[in-house]
>>> print(open('protein.cif').read())   # mmCIF, C-alpha atoms and all ligand atoms
data_protein
loop_
_atom_site.group_PDB
_atom_site.id
_atom_site.type_symbol
_atom_site.label_atom_id
_atom_site.label_comp_id
_atom_site.auth_asym_id
_atom_site.auth_seq_id
_atom_site.Cartn_x
_atom_site.Cartn_y
_atom_site.Cartn_z
ATOM 1 C CA MET A 1 16.598 -19.179 11.824
ATOM 2 C CA ILE A 2 15.479 -20.091 8.302
ATOM 3 C CA GLU A 3 17.923 -19.379 5.485
ATOM 4 C CA THR A 4 16.394 -17.765 2.434
ATOM 5 C CA ASP A 5 18.280 -17.719 -0.847
ATOM 6 C CA ASN A 6 17.947 -14.615 -2.959
ATOM 7 C CA ARG A 7 18.793 -13.992 -6.586
ATOM 8 C CA ILE A 8 22.061 -12.151 -6.042
ATOM 9 C CA GLY A 9 23.307 -15.257 -4.282
ATOM 10 C CA ASP A 10 23.942 -13.868 -0.824
ATOM 11 C CA LYS A 11 21.873 -15.270 2.005
ATOM 12 C CA VAL A 12 19.516 -13.465 4.312
ATOM 13 C CA LYS A 13 18.688 -15.139 7.582
ATOM 14 C CA LYS A 14 15.075 -14.782 8.678
ATOM 15 C CA GLY A 15 15.036 -13.881 12.355
ATOM 16 C CA LYS A 16 12.477 -13.070 15.025
ATOM 17 C CA LYS A 17 8.993 -11.797 14.310
ATOM 18 C CA ILE A 18 8.927 -8.041 14.912
ATOM 19 C CA TYR A 19 5.270 -7.396 14.364
ATOM 20 C CA GLU A 20 2.178 -9.092 12.968
ATOM 21 C CA GLY A 21 -0.326 -6.836 11.255
ATOM 22 C CA LYS A 22 -3.634 -7.486 9.548
ATOM 23 C CA ALA A 23 -2.187 -8.472 6.178
ATOM 24 C CA LYS A 24 1.550 -8.860 6.769
ATOM 25 C CA ILE A 25 4.124 -10.184 9.228
ATOM 26 C CA LEU A 26 7.458 -8.398 9.667
ATOM 27 C CA TYR A 27 10.606 -10.359 10.540
ATOM 28 C CA GLU A 28 14.083 -9.272 11.540
ATOM 29 C CA THR A 29 17.020 -10.483 9.457
ATOM 30 C CA ASP A 30 20.694 -10.905 10.324
ATOM 31 C CA ASN A 31 21.180 -7.443 8.818
ATOM 32 C CA PRO A 32 19.800 -4.777 11.209
ATOM 33 C CA ASP A 33 18.929 -2.515 8.240
ATOM 34 C CA LEU A 34 16.753 -5.123 6.515
ATOM 35 C CA VAL A 35 13.444 -6.828 7.296
ATOM 36 C CA ILE A 36 11.353 -9.509 5.621
ATOM 37 C CA GLN A 37 7.720 -8.626 4.905
ATOM 38 C CA GLU A 38 5.565 -11.742 4.655
ATOM 39 C CA PHE A 39 2.205 -11.290 2.925
ATOM 40 C CA LYS A 40 -0.774 -13.165 4.398
ATOM 41 C CA ASP A 41 -4.113 -14.184 2.907
ATOM 42 C CA ASP A 42 -5.992 -12.606 5.841
ATOM 43 C CA ALA A 43 -8.228 -9.655 5.062
ATOM 44 C CA THR A 44 -9.943 -7.197 7.360
ATOM 45 C CA ALA A 45 -12.278 -4.284 6.711
ATOM 46 C CA PHE A 46 -14.330 -1.693 8.572
ATOM 47 C CA ASP A 47 -11.808 -1.225 11.380
ATOM 48 C CA ALA A 48 -11.188 -4.979 11.526
ATOM 49 C CA THR A 49 -14.816 -5.720 12.431
ATOM 50 C CA LYS A 50 -15.060 -7.775 9.223
ATOM 51 C CA ARG A 51 -12.490 -10.546 8.874
ATOM 52 C CA GLY A 52 -11.827 -13.220 6.303
ATOM 53 C CA THR A 53 -9.257 -14.706 3.992
ATOM 54 C CA ILE A 54 -8.766 -14.252 0.282
ATOM 55 C CA LYS A 55 -7.153 -17.296 -1.319
ATOM 56 C CA GLN A 56 -3.649 -16.595 -2.660
ATOM 57 C CA LYS A 57 -3.924 -12.889 -1.740
ATOM 58 C CA GLY A 58 -0.516 -12.878 -0.056
ATOM 59 C CA VAL A 59 1.196 -14.314 -3.109
ATOM 60 C CA ILE A 60 -0.618 -11.972 -5.502
ATOM 61 C CA ASN A 61 -0.054 -8.833 -3.393
ATOM 62 C CA ASN A 62 3.643 -9.615 -2.952
ATOM 63 C CA GLU A 63 4.038 -9.931 -6.701
ATOM 64 C CA ILE A 64 2.013 -6.792 -7.464
ATOM 65 C CA SER A 65 3.770 -4.713 -4.782
ATOM 66 C CA SER A 66 7.216 -5.896 -5.839
ATOM 67 C CA ALA A 67 6.526 -4.996 -9.469
ATOM 68 C CA LEU A 68 5.107 -1.571 -8.556
ATOM 69 C CA PHE A 69 7.936 -0.674 -6.156
ATOM 70 C CA GLN A 70 10.504 -1.606 -8.804
ATOM 71 C CA MET A 71 8.715 0.512 -11.370
ATOM 72 C CA LEU A 72 8.483 3.480 -8.961
ATOM 73 C CA GLU A 73 12.201 3.194 -8.103
ATOM 74 C CA LEU A 74 13.017 3.381 -11.810
ATOM 75 C CA LYS A 75 10.944 6.581 -11.995
ATOM 76 C CA GLY A 76 12.881 8.152 -9.123
ATOM 77 C CA ILE A 77 10.699 7.400 -6.067
ATOM 78 C CA PRO A 78 12.838 5.989 -3.246
ATOM 79 C CA THR A 79 11.159 2.954 -1.656
ATOM 80 C CA HIS A 80 11.948 0.365 0.997
ATOM 81 C CA PHE A 81 11.878 -2.429 -1.594
ATOM 82 C CA VAL A 82 15.081 -4.465 -1.906
ATOM 83 C CA LYS A 83 13.953 -7.672 -3.621
ATOM 84 C CA LYS A 84 11.266 -10.319 -3.790
ATOM 85 C CA LEU A 85 12.574 -13.337 -1.893
ATOM 86 C CA SER A 86 9.834 -15.903 -2.413
ATOM 87 C CA ASP A 87 6.107 -16.200 -3.186
ATOM 88 C CA ARG A 88 5.094 -14.430 0.005
ATOM 89 C CA GLU A 89 8.297 -12.729 1.145
ATOM 90 C CA MET A 90 9.780 -9.374 0.268
ATOM 91 C CA LEU A 91 13.116 -8.086 1.556
ATOM 92 C CA ALA A 92 12.842 -4.431 2.544
ATOM 93 C CA LYS A 93 14.770 -1.711 4.314
ATOM 94 C CA ARG A 94 13.833 -1.380 7.972
ATOM 95 C CA LEU A 95 11.935 1.891 8.304
ATOM 96 C CA ASP A 96 11.032 4.029 11.227
ATOM 97 C CA ILE A 97 7.414 4.392 10.079
ATOM 98 C CA VAL A 98 5.877 7.872 9.984
ATOM 99 C CA LEU A 99 2.500 7.480 11.710
ATOM 100 C CA VAL A 100 0.690 9.329 8.940
ATOM 101 C CA GLU A 101 -1.238 7.422 6.271
ATOM 102 C CA VAL A 102 -1.495 9.325 3.011
ATOM 103 C CA THR A 103 -4.605 8.846 0.911
ATOM 104 C CA MET A 104 -4.643 10.085 -2.680
ATOM 105 C CA ARG A 105 -7.942 10.282 -4.524
ATOM 106 C CA ASN A 106 -8.748 10.787 -8.207
ATOM 107 C CA ILE A 107 -12.368 9.598 -8.220
ATOM 108 C CA ALA A 108 -14.855 9.813 -5.346
ATOM 109 C CA ALA A 109 -15.416 6.560 -3.421
ATOM 110 C CA GLY A 110 -15.389 5.152 0.108
ATOM 111 C CA GLY A 111 -14.739 7.618 2.900
ATOM 112 C CA LEU A 112 -14.799 10.712 0.679
ATOM 113 C CA SER A 113 -18.207 9.890 -0.842
ATOM 114 C CA LYS A 114 -19.583 9.266 2.620
ATOM 115 C CA SER A 115 -18.140 12.261 4.456
ATOM 116 C CA LEU A 116 -18.704 14.897 1.752
ATOM 117 C CA GLY A 117 -21.767 13.407 0.041
ATOM 118 C CA ILE A 118 -20.097 13.081 -3.358
ATOM 119 C CA GLU A 119 -21.531 10.340 -5.549
ATOM 120 C CA GLU A 120 -19.201 7.376 -5.976
ATOM 121 C CA GLY A 121 -17.566 7.561 -9.386
ATOM 122 C CA THR A 122 -17.480 11.373 -9.621
ATOM 123 C CA VAL A 123 -14.167 12.382 -11.212
ATOM 124 C CA LEU A 124 -12.481 14.910 -8.927
ATOM 125 C CA LYS A 125 -11.327 18.218 -10.453
ATOM 126 C CA THR A 126 -7.903 17.777 -8.894
ATOM 127 C CA PRO A 127 -6.349 14.867 -7.022
ATOM 128 C CA VAL A 128 -7.209 15.106 -3.327
ATOM 129 C CA LEU A 129 -4.592 14.300 -0.682
ATOM 130 C CA GLU A 130 -5.621 13.365 2.853
ATOM 131 C CA TYR A 131 -3.696 12.449 5.970
ATOM 132 C CA HIS A 132 -4.893 9.993 8.602
ATOM 133 C CA TYR A 133 -3.209 9.399 11.959
ATOM 134 C CA LYS A 134 -2.083 5.747 11.923
ATOM 135 C CA SER A 135 -3.610 4.662 15.227
ATOM 136 C CA ASP A 136 -5.834 1.593 15.648
ATOM 137 C CA PRO A 137 -7.228 2.660 19.060
ATOM 138 C CA LEU A 138 -8.212 6.057 17.614
ATOM 139 C CA HIS A 139 -9.533 4.473 14.369
ATOM 140 C CA ASP A 140 -7.142 6.372 12.042
ATOM 141 C CA PRO A 141 -8.704 9.856 12.327
ATOM 142 C CA LEU A 142 -8.423 12.407 9.508
ATOM 143 C CA ILE A 143 -5.737 14.981 10.377
ATOM 144 C CA ASN A 144 -3.977 17.929 8.721
ATOM 145 C CA ASP A 145 -0.492 19.479 8.788
ATOM 146 C CA TYR A 146 -1.254 21.305 12.030
ATOM 147 C CA HIS A 147 -2.267 18.105 13.832
ATOM 148 C CA ILE A 148 0.887 16.432 12.487
ATOM 149 C CA GLU A 149 3.062 19.227 13.845
ATOM 150 C CA MET A 150 1.204 19.380 17.159
ATOM 151 C CA LEU A 151 1.495 15.595 17.639
ATOM 152 C CA GLY A 152 5.143 15.631 16.504
ATOM 153 C CA LEU A 153 4.493 12.890 13.928
ATOM 154 C CA ALA A 154 6.905 14.342 11.349
ATOM 155 C CA THR A 155 8.782 17.567 10.626
ATOM 156 C CA ALA A 156 7.561 20.112 8.080
ATOM 157 C CA LYS A 157 10.517 19.151 5.886
ATOM 158 C CA GLU A 158 9.596 15.460 6.041
ATOM 159 C CA MET A 159 5.944 16.250 5.254
ATOM 160 C CA LYS A 160 6.972 18.318 2.208
ATOM 161 C CA LYS A 161 8.871 15.269 0.858
ATOM 162 C CA ILE A 162 5.959 12.948 1.667
ATOM 163 C CA LYS A 163 3.503 15.245 -0.093
ATOM 164 C CA ASP A 164 5.694 15.673 -3.186
ATOM 165 C CA TYR A 165 6.348 11.924 -3.448
ATOM 166 C CA SER A 166 2.639 11.165 -3.015
ATOM 167 C CA PHE A 167 1.600 13.411 -5.913
ATOM 168 C CA SER A 168 4.391 11.947 -8.085
ATOM 169 C CA VAL A 169 3.386 8.387 -7.190
ATOM 170 C CA ASN A 170 -0.204 9.264 -8.138
ATOM 171 C CA GLU A 171 0.876 10.525 -11.577
ATOM 172 C CA ILE A 172 3.093 7.495 -12.204
ATOM 173 C CA LEU A 173 0.550 4.910 -11.021
ATOM 174 C CA ARG A 174 -2.401 6.582 -12.788
ATOM 175 C CA ASP A 175 -0.479 6.506 -16.019
ATOM 176 C CA PHE A 176 0.745 2.926 -15.488
ATOM 177 C CA PHE A 177 -2.677 1.508 -14.576
ATOM 178 C CA GLY A 178 -4.336 3.577 -17.316
ATOM 179 C CA LYS A 179 -2.217 1.807 -19.921
ATOM 180 C CA VAL A 180 -3.526 -1.593 -18.776
ATOM 181 C CA GLY A 181 -7.176 -0.522 -18.743
ATOM 182 C CA LEU A 182 -7.526 0.303 -15.050
ATOM 183 C CA LYS A 183 -8.753 3.492 -13.375
ATOM 184 C CA LEU A 184 -6.818 4.383 -10.224
ATOM 185 C CA VAL A 185 -9.689 5.621 -8.044
ATOM 186 C CA ASP A 186 -7.755 6.105 -4.792
ATOM 187 C CA PHE A 187 -4.987 4.548 -2.728
ATOM 188 C CA LYS A 188 -3.134 4.710 0.581
ATOM 189 C CA LEU A 189 0.608 5.143 1.063
ATOM 190 C CA GLU A 190 2.889 4.874 4.089
ATOM 191 C CA PHE A 191 6.337 6.366 4.418
ATOM 192 C CA GLY A 192 9.227 5.879 6.805
ATOM 193 C CA ARG A 193 12.676 7.150 7.738
ATOM 194 C CA PHE A 194 15.810 5.283 6.741
ATOM 195 C CA LYS A 195 19.285 6.733 7.340
ATOM 196 C CA GLY A 196 17.933 10.279 7.336
ATOM 197 C CA LYS A 197 15.876 9.849 4.160
ATOM 198 C CA ILE A 198 12.148 9.445 3.593
ATOM 199 C CA LEU A 199 11.259 6.222 1.730
ATOM 200 C CA LEU A 200 7.941 4.842 0.503
ATOM 201 C CA GLY A 201 7.074 1.719 2.508
ATOM 202 C CA ASP A 202 4.331 -0.812 3.201
ATOM 203 C CA GLU A 203 2.649 -2.252 0.072
ATOM 204 C CA ILE A 204 0.785 -1.141 -3.035
ATOM 205 C CA SER A 205 -1.856 -3.689 -3.978
ATOM 206 C CA PRO A 206 -5.602 -4.165 -4.475
ATOM 207 C CA ASP A 207 -5.782 -4.140 -0.647
ATOM 208 C CA THR A 208 -4.591 -0.519 -0.593
ATOM 209 C CA CYS A 209 -5.810 0.828 -3.958
ATOM 210 C CA ARG A 210 -9.242 1.086 -5.528
ATOM 211 C CA LEU A 211 -8.944 -0.054 -9.135
ATOM 212 C CA TRP A 212 -11.849 -0.104 -11.593
ATOM 213 C CA ASP A 213 -11.951 -1.555 -15.088
ATOM 214 C CA LYS A 214 -11.833 1.384 -17.498
ATOM 215 C CA LYS A 215 -14.630 0.123 -19.742
ATOM 216 C CA THR A 216 -17.035 -1.568 -17.324
ATOM 217 C CA ASN A 217 -16.161 0.157 -14.011
ATOM 218 C CA GLU A 218 -15.996 -3.319 -12.485
ATOM 219 C CA LYS A 219 -14.287 -3.146 -9.087
ATOM 220 C CA LEU A 220 -11.015 -5.086 -9.045
ATOM 221 C CA ASP A 221 -9.927 -4.455 -5.445
ATOM 222 C CA LYS A 222 -10.725 -4.997 -1.770
ATOM 223 C CA ASP A 223 -14.180 -3.428 -2.138
ATOM 224 C CA ARG A 224 -15.220 -6.875 -3.486
ATOM 225 C CA PHE A 225 -14.439 -8.228 0.003
ATOM 226 C CA ARG A 226 -15.795 -5.190 1.891
ATOM 227 C CA ARG A 227 -19.118 -5.345 0.011
ATOM 228 C CA ASP A 228 -19.364 -9.135 -0.500
ATOM 229 C CA LEU A 229 -19.294 -8.796 -4.287
ATOM 230 C CA GLY A 230 -17.786 -12.263 -4.880
ATOM 231 C CA ARG A 231 -15.005 -13.274 -7.308
ATOM 232 C CA ILE A 232 -12.436 -11.627 -5.024
ATOM 233 C CA GLU A 233 -9.430 -13.816 -5.852
ATOM 234 C CA GLU A 234 -10.253 -13.520 -9.560
ATOM 235 C CA ALA A 235 -10.212 -9.715 -9.284
ATOM 236 C CA TYR A 236 -6.781 -9.692 -7.604
ATOM 237 C CA GLN A 237 -5.484 -12.171 -10.223
ATOM 238 C CA GLU A 238 -6.848 -9.928 -12.987
ATOM 239 C CA VAL A 239 -4.902 -6.919 -11.639
ATOM 240 C CA LEU A 240 -1.726 -9.022 -11.509
ATOM 241 C CA LYS A 241 -2.308 -10.314 -15.047
ATOM 242 C CA ARG A 242 -2.685 -6.771 -16.391
ATOM 243 C CA ILE A 243 0.376 -5.492 -14.542
ATOM 244 C CA LYS A 244 2.424 -8.304 -16.045
ATOM 245 C CA SER A 245 1.017 -7.710 -19.566
HETATM 246 N N1 LIG A 301 -7.067 2.281 2.629
HETATM 247 C C1 LIG A 301 -6.116 1.396 3.117
HETATM 248 N N2 LIG A 301 -6.056 1.181 4.468
HETATM 249 C C2 LIG A 301 -6.849 1.797 5.368
HETATM 250 C C3 LIG A 301 -7.813 2.713 4.868
HETATM 251 C C4 LIG A 301 -7.899 2.928 3.512
HETATM 252 O O1 LIG A 301 -5.348 0.819 2.343
HETATM 253 O O2 LIG A 301 -6.710 1.565 6.574
HETATM 254 C C5 LIG A 301 -7.165 2.534 1.184
HETATM 255 C C6 LIG A 301 -8.470 2.036 0.590
HETATM 256 O O3 LIG A 301 -8.323 0.724 0.088
HETATM 257 C C7 LIG A 301 -8.731 3.005 -0.508
HETATM 258 C C8 LIG A 301 -8.107 4.319 -0.008
HETATM 259 O O4 LIG A 301 -7.179 3.941 1.004
HETATM 260 O O5 LIG A 301 -8.067 2.615 -1.688
HETATM 261 C C9 LIG A 301 -9.108 5.296 0.536
HETATM 262 O O6 LIG A 301 -9.903 4.667 1.495
HETATM 263 P P1 LIG A 301 -11.056 5.452 2.288
HETATM 264 O O7 LIG A 301 -10.429 6.531 3.095
HETATM 265 O O8 LIG A 301 -12.115 5.833 1.347
HETATM 266 O O9 LIG A 301 -11.554 4.440 3.356
HETATM 267 P P2 LIG A 301 -12.446 3.139 3.213
HETATM 268 O O10 LIG A 301 -13.538 3.440 2.255
HETATM 269 O O11 LIG A 301 -11.498 2.088 2.727
HETATM 270 O O12 LIG A 301 -12.893 2.927 4.617
#
>>> encode(input="protein.cif", output="structure tokens", more="lines below")
Ligand code: UDP
Amino acid sequence: MIETDNRIGDKVKKGKKIYEGKAKILYETDNPDLVIQEFKDDATAFDATKRGTIKQKGVINNEISSALFQMLELKGIPTHFVKKLSDREMLAKRLDIVLVEVTMRNIAAGGLSKSLGIEEGTVLKTPVLEYHYKSDPLHDPLINDYHIEMLGLATAKEMKKIKDYSFSVNEILRDFFGKVGLKLVDFKLEFGRFKGKILLGDEISPDTCRLWDKKTNEKLDKDRFRRDLGRIEEAYQEVLKRIKS
């Protein structure tokens, strides 16, 4: 057990590893309601067929996610965020994750451009919400409300909350990034259950959002890794710098 001091002064004991994902490790704490999310520098893309590391990514993404979760909480979106514990560690509420990944899109890119033949960069008439079944063996297939009900992934009431929060998060983040010269192209959210409530979980970072410079359209996100565009760490640092400005 490692003892981790936090700002309030109470101590959280880091316990056993619960799960190791592609970009984060989840640890138990001595409080059954709380977990520690540790952000790694590892990066994967294209269904984990491409692997690498991005220097300092874990530190940068923890700082960006912590700042964004705090901002969203202030705007009335309930999240799992409790506090940033250290460079790479975030204390969070332990969620029962809903196995539905929500994608919100404002500008065509990635999967949408490919599947519907819409040129990357086309501004969408309305934000587009998509659901994907969070399943590595099935490669996260695109699903809709009927699949969700049929698979029993969430109730209709839970999905209504998830949908409403997702559109609100899009408005808040689009506005926030817009003010620091960034276009929010698209992003992915994950939600979970905590004491009967739906909370926003996971992370919000250049790993999970596409962010383009407003003036130059320069990509400042994981597409630099996916497409070998170089200057990856610099791009992540630039997003952090703007968020902090
Ligand atoms: N995304 C993510 N995790 C995934 C798949 C997508 O965080 O497993 C993010 C991705 O970074 C982008 C948005 O969700 O900001 C939409 O991604 P898309 O469906 O276009 O898939 P991709 O092009 O990343 O394969």
>>> closest_residue(input="protein.cif", among="A:Met90, A:Ile77, A:Leu182, A:Ile198", to="Lys215 of chain A", atoms="all atoms listed in the file")
A:Leu182
>>> axis_aligned_box(input="protein.cif", around="segment 182-192 of chain A", padding_each_side="8 Å", output="AutoDock Vina command-line options")
--center_x -0.2 --center_y 3.3 --center_z -4.1 --size_x 34.9 --size_y 22.1 --size_z 37.9
>>> residues_near_ligand(input="protein.cif", ligand="ligand LIG 301 (chain A)", cutoff="7 Å", atoms="all atoms listed in the file", output="VMD selection string")
chain A and resid 46 103 109 to 112 186 to 188 207 to 210 222
>>> atom_distance(input="protein.cif", atom1="atom CA of Thr155 of chain A", atom2="atom CA of Ser168 of chain A")
20.0 Å
>>> closest_residue(input="protein.cif", among="A:Leu184, A:Ile118, A:Leu138, A:Val100", to="Met159 of chain A", atoms="all atoms listed in the file")
A:Val100
>>> resolve_selection(input="protein.cif", expression="the PyMOL selection byres (((chain A and resi 145) around 12) and not hetatm)", output="MDAnalysis selection string")
chainID A and resid 100 102 129:133 142:144 146:160 162:163
>>> decode(input="protein.cif", residues="segment 208-233 of chain A", atoms="N, CA, C and O atoms", output="PDB file, in the first residue's frame")
ATOM      1  N   THR A 208      -8.850  11.525 -26.626  1.00  0.00           N
ATOM      2  CA  THR A 208     -10.277  11.215 -26.832  1.00  0.00           C
ATOM      3  C   THR A 208     -11.039  12.310 -27.571  1.00  0.00           C
ATOM      4  O   THR A 208     -12.237  12.159 -27.823  1.00  0.00           O
ATOM      5  N   CYS A 209     -10.364  13.412 -27.882  1.00  0.00           N
ATOM      6  CA  CYS A 209     -11.001  14.509 -28.635  1.00  0.00           C
ATOM      7  C   CYS A 209     -10.178  14.796 -29.882  1.00  0.00           C
ATOM      8  O   CYS A 209      -8.951  14.686 -29.839  1.00  0.00           O
ATOM      9  N   ARG A 210     -10.820  15.217 -30.954  1.00  0.00           N
ATOM     10  CA  ARG A 210     -10.072  15.818 -32.060  1.00  0.00           C
ATOM     11  C   ARG A 210     -10.158  17.328 -31.891  1.00  0.00           C
ATOM     12  O   ARG A 210     -11.262  17.876 -31.791  1.00  0.00           O
ATOM     13  N   LEU A 211      -8.994  17.965 -31.852  1.00  0.00           N
ATOM     14  CA  LEU A 211      -8.918  19.410 -31.642  1.00  0.00           C
ATOM     15  C   LEU A 211      -8.049  20.019 -32.730  1.00  0.00           C
ATOM     16  O   LEU A 211      -6.903  19.576 -32.921  1.00  0.00           O
ATOM     17  N   TRP A 212      -8.601  20.986 -33.462  1.00  0.00           N
ATOM     18  CA  TRP A 212      -7.824  21.637 -34.526  1.00  0.00           C
ATOM     19  C   TRP A 212      -7.639  23.110 -34.190  1.00  0.00           C
ATOM     20  O   TRP A 212      -8.565  23.758 -33.660  1.00  0.00           O
ATOM     21  N   ASP A 213      -6.460  23.638 -34.550  1.00  0.00           N
ATOM     22  CA  ASP A 213      -6.253  25.078 -34.379  1.00  0.00           C
ATOM     23  C   ASP A 213      -7.255  25.825 -35.260  1.00  0.00           C
ATOM     24  O   ASP A 213      -7.446  25.476 -36.429  1.00  0.00           O
ATOM     25  N   LYS A 214      -7.891  26.836 -34.672  1.00  0.00           N
ATOM     26  CA  LYS A 214      -8.957  27.560 -35.371  1.00  0.00           C
ATOM     27  C   LYS A 214      -8.463  28.238 -36.653  1.00  0.00           C
ATOM     28  O   LYS A 214      -9.151  28.250 -37.658  1.00  0.00           O
ATOM     29  N   LYS A 215      -7.259  28.786 -36.597  1.00  0.00           N
ATOM     30  CA  LYS A 215      -6.761  29.554 -37.749  1.00  0.00           C
ATOM     31  C   LYS A 215      -6.121  28.662 -38.803  1.00  0.00           C
ATOM     32  O   LYS A 215      -6.339  28.856 -40.002  1.00  0.00           O
ATOM     33  N   THR A 216      -5.309  27.687 -38.359  1.00  0.00           N
ATOM     34  CA  THR A 216      -4.506  26.920 -39.318  1.00  0.00           C
ATOM     35  C   THR A 216      -5.066  25.517 -39.585  1.00  0.00           C
ATOM     36  O   THR A 216      -4.590  24.838 -40.491  1.00  0.00           O
ATOM     37  N   ASN A 217      -6.045  25.097 -38.790  1.00  0.00           N
ATOM     38  CA  ASN A 217      -6.574  23.726 -38.838  1.00  0.00           C
ATOM     39  C   ASN A 217      -5.533  22.665 -38.481  1.00  0.00           C
ATOM     40  O   ASN A 217      -5.740  21.476 -38.732  1.00  0.00           O
ATOM     41  N   GLU A 218      -4.422  23.101 -37.882  1.00  0.00           N
ATOM     42  CA  GLU A 218      -3.411  22.133 -37.461  1.00  0.00           C
ATOM     43  C   GLU A 218      -4.027  21.170 -36.438  1.00  0.00           C
ATOM     44  O   GLU A 218      -4.767  21.598 -35.541  1.00  0.00           O
ATOM     45  N   LYS A 219      -3.730  19.888 -36.592  1.00  0.00           N
ATOM     46  CA  LYS A 219      -4.283  18.881 -35.685  1.00  0.00           C
ATOM     47  C   LYS A 219      -3.478  18.854 -34.388  1.00  0.00           C
ATOM     48  O   LYS A 219      -2.258  18.697 -34.428  1.00  0.00           O
ATOM     49  N   LEU A 220      -4.170  19.003 -33.266  1.00  0.00           N
ATOM     50  CA  LEU A 220      -3.498  19.041 -31.965  1.00  0.00           C
ATOM     51  C   LEU A 220      -4.036  17.901 -31.089  1.00  0.00           C
ATOM     52  O   LEU A 220      -4.507  18.134 -29.977  1.00  0.00           O
ATOM     53  N   ASP A 221      -4.008  16.690 -31.611  1.00  0.00           N
ATOM     54  CA  ASP A 221      -4.614  15.551 -30.911  1.00  0.00           C
ATOM     55  C   ASP A 221      -3.975  14.246 -31.377  1.00  0.00           C
ATOM     56  O   ASP A 221      -2.978  14.267 -32.109  1.00  0.00           O
ATOM     57  N   LYS A 222      -4.596  13.141 -30.998  1.00  0.00           N
ATOM     58  CA  LYS A 222      -4.020  11.813 -31.254  1.00  0.00           C
ATOM     59  C   LYS A 222      -3.888  11.480 -32.738  1.00  0.00           C
ATOM     60  O   LYS A 222      -3.151  10.558 -33.097  1.00  0.00           O
ATOM     61  N   ASP A 223      -4.560  12.196 -33.612  1.00  0.00           N
ATOM     62  CA  ASP A 223      -4.379  11.955 -35.046  1.00  0.00           C
ATOM     63  C   ASP A 223      -2.909  12.159 -35.446  1.00  0.00           C
ATOM     64  O   ASP A 223      -2.449  11.578 -36.437  1.00  0.00           O
ATOM     65  N   ARG A 224      -2.147  12.951 -34.694  1.00  0.00           N
ATOM     66  CA  ARG A 224      -0.721  13.136 -35.001  1.00  0.00           C
ATOM     67  C   ARG A 224       0.028  11.807 -34.812  1.00  0.00           C
ATOM     68  O   ARG A 224       0.966  11.515 -35.543  1.00  0.00           O
ATOM     69  N   PHE A 225      -0.436  11.027 -33.832  1.00  0.00           N
ATOM     70  CA  PHE A 225       0.144   9.685 -33.603  1.00  0.00           C
ATOM     71  C   PHE A 225      -0.411   8.707 -34.629  1.00  0.00           C
ATOM     72  O   PHE A 225       0.342   7.965 -35.272  1.00  0.00           O
ATOM     73  N   ARG A 226      -1.765   8.729 -34.811  1.00  0.00           N
ATOM     74  CA  ARG A 226      -2.386   7.774 -35.743  1.00  0.00           C
ATOM     75  C   ARG A 226      -1.769   7.898 -37.140  1.00  0.00           C
ATOM     76  O   ARG A 226      -1.530   6.919 -37.815  1.00  0.00           O
ATOM     77  N   ARG A 227      -1.532   9.159 -37.568  1.00  0.00           N
ATOM     78  CA  ARG A 227      -1.085   9.391 -38.951  1.00  0.00           C
ATOM     79  C   ARG A 227       0.402   9.715 -39.061  1.00  0.00           C
ATOM     80  O   ARG A 227       0.827  10.244 -40.096  1.00  0.00           O
ATOM     81  N   ASP A 228       1.160   9.500 -37.997  1.00  0.00           N
ATOM     82  CA  ASP A 228       2.604   9.790 -37.992  1.00  0.00           C
ATOM     83  C   ASP A 228       2.911  11.218 -38.455  1.00  0.00           C
ATOM     84  O   ASP A 228       3.750  11.429 -39.337  1.00  0.00           O
ATOM     85  N   LEU A 229       2.239  12.197 -37.858  1.00  0.00           N
ATOM     86  CA  LEU A 229       2.439  13.579 -38.279  1.00  0.00           C
ATOM     87  C   LEU A 229       3.582  14.275 -37.535  1.00  0.00           C
ATOM     88  O   LEU A 229       3.921  15.413 -37.858  1.00  0.00           O
ATOM     89  N   GLY A 230       4.158  13.592 -36.525  1.00  0.00           N
ATOM     90  CA  GLY A 230       5.264  14.201 -35.773  1.00  0.00           C
ATOM     91  C   GLY A 230       4.785  15.245 -34.772  1.00  0.00           C
ATOM     92  O   GLY A 230       3.594  15.551 -34.702  1.00  0.00           O
ATOM     93  N   ARG A 231       5.731  15.770 -33.983  1.00  0.00           N
ATOM     94  CA  ARG A 231       5.445  16.809 -32.976  1.00  0.00           C
ATOM     95  C   ARG A 231       4.204  16.475 -32.134  1.00  0.00           C
ATOM     96  O   ARG A 231       3.343  17.341 -31.908  1.00  0.00           O
ATOM     97  N   ILE A 232       4.141  15.218 -31.681  1.00  0.00           N
ATOM     98  CA  ILE A 232       2.955  14.767 -30.936  1.00  0.00           C
ATOM     99  C   ILE A 232       2.931  15.388 -29.544  1.00  0.00           C
ATOM    100  O   ILE A 232       1.929  15.993 -29.138  1.00  0.00           O
ATOM    101  N   GLU A 233       4.070  15.236 -28.813  1.00  0.00           N
ATOM    102  CA  GLU A 233       4.102  15.769 -27.444  1.00  0.00           C
ATOM    103  C   GLU A 233       3.847  17.273 -27.454  1.00  0.00           C
ATOM    104  O   GLU A 233       3.118  17.798 -26.610  1.00  0.00           O
TER     105      GLU A 233
END
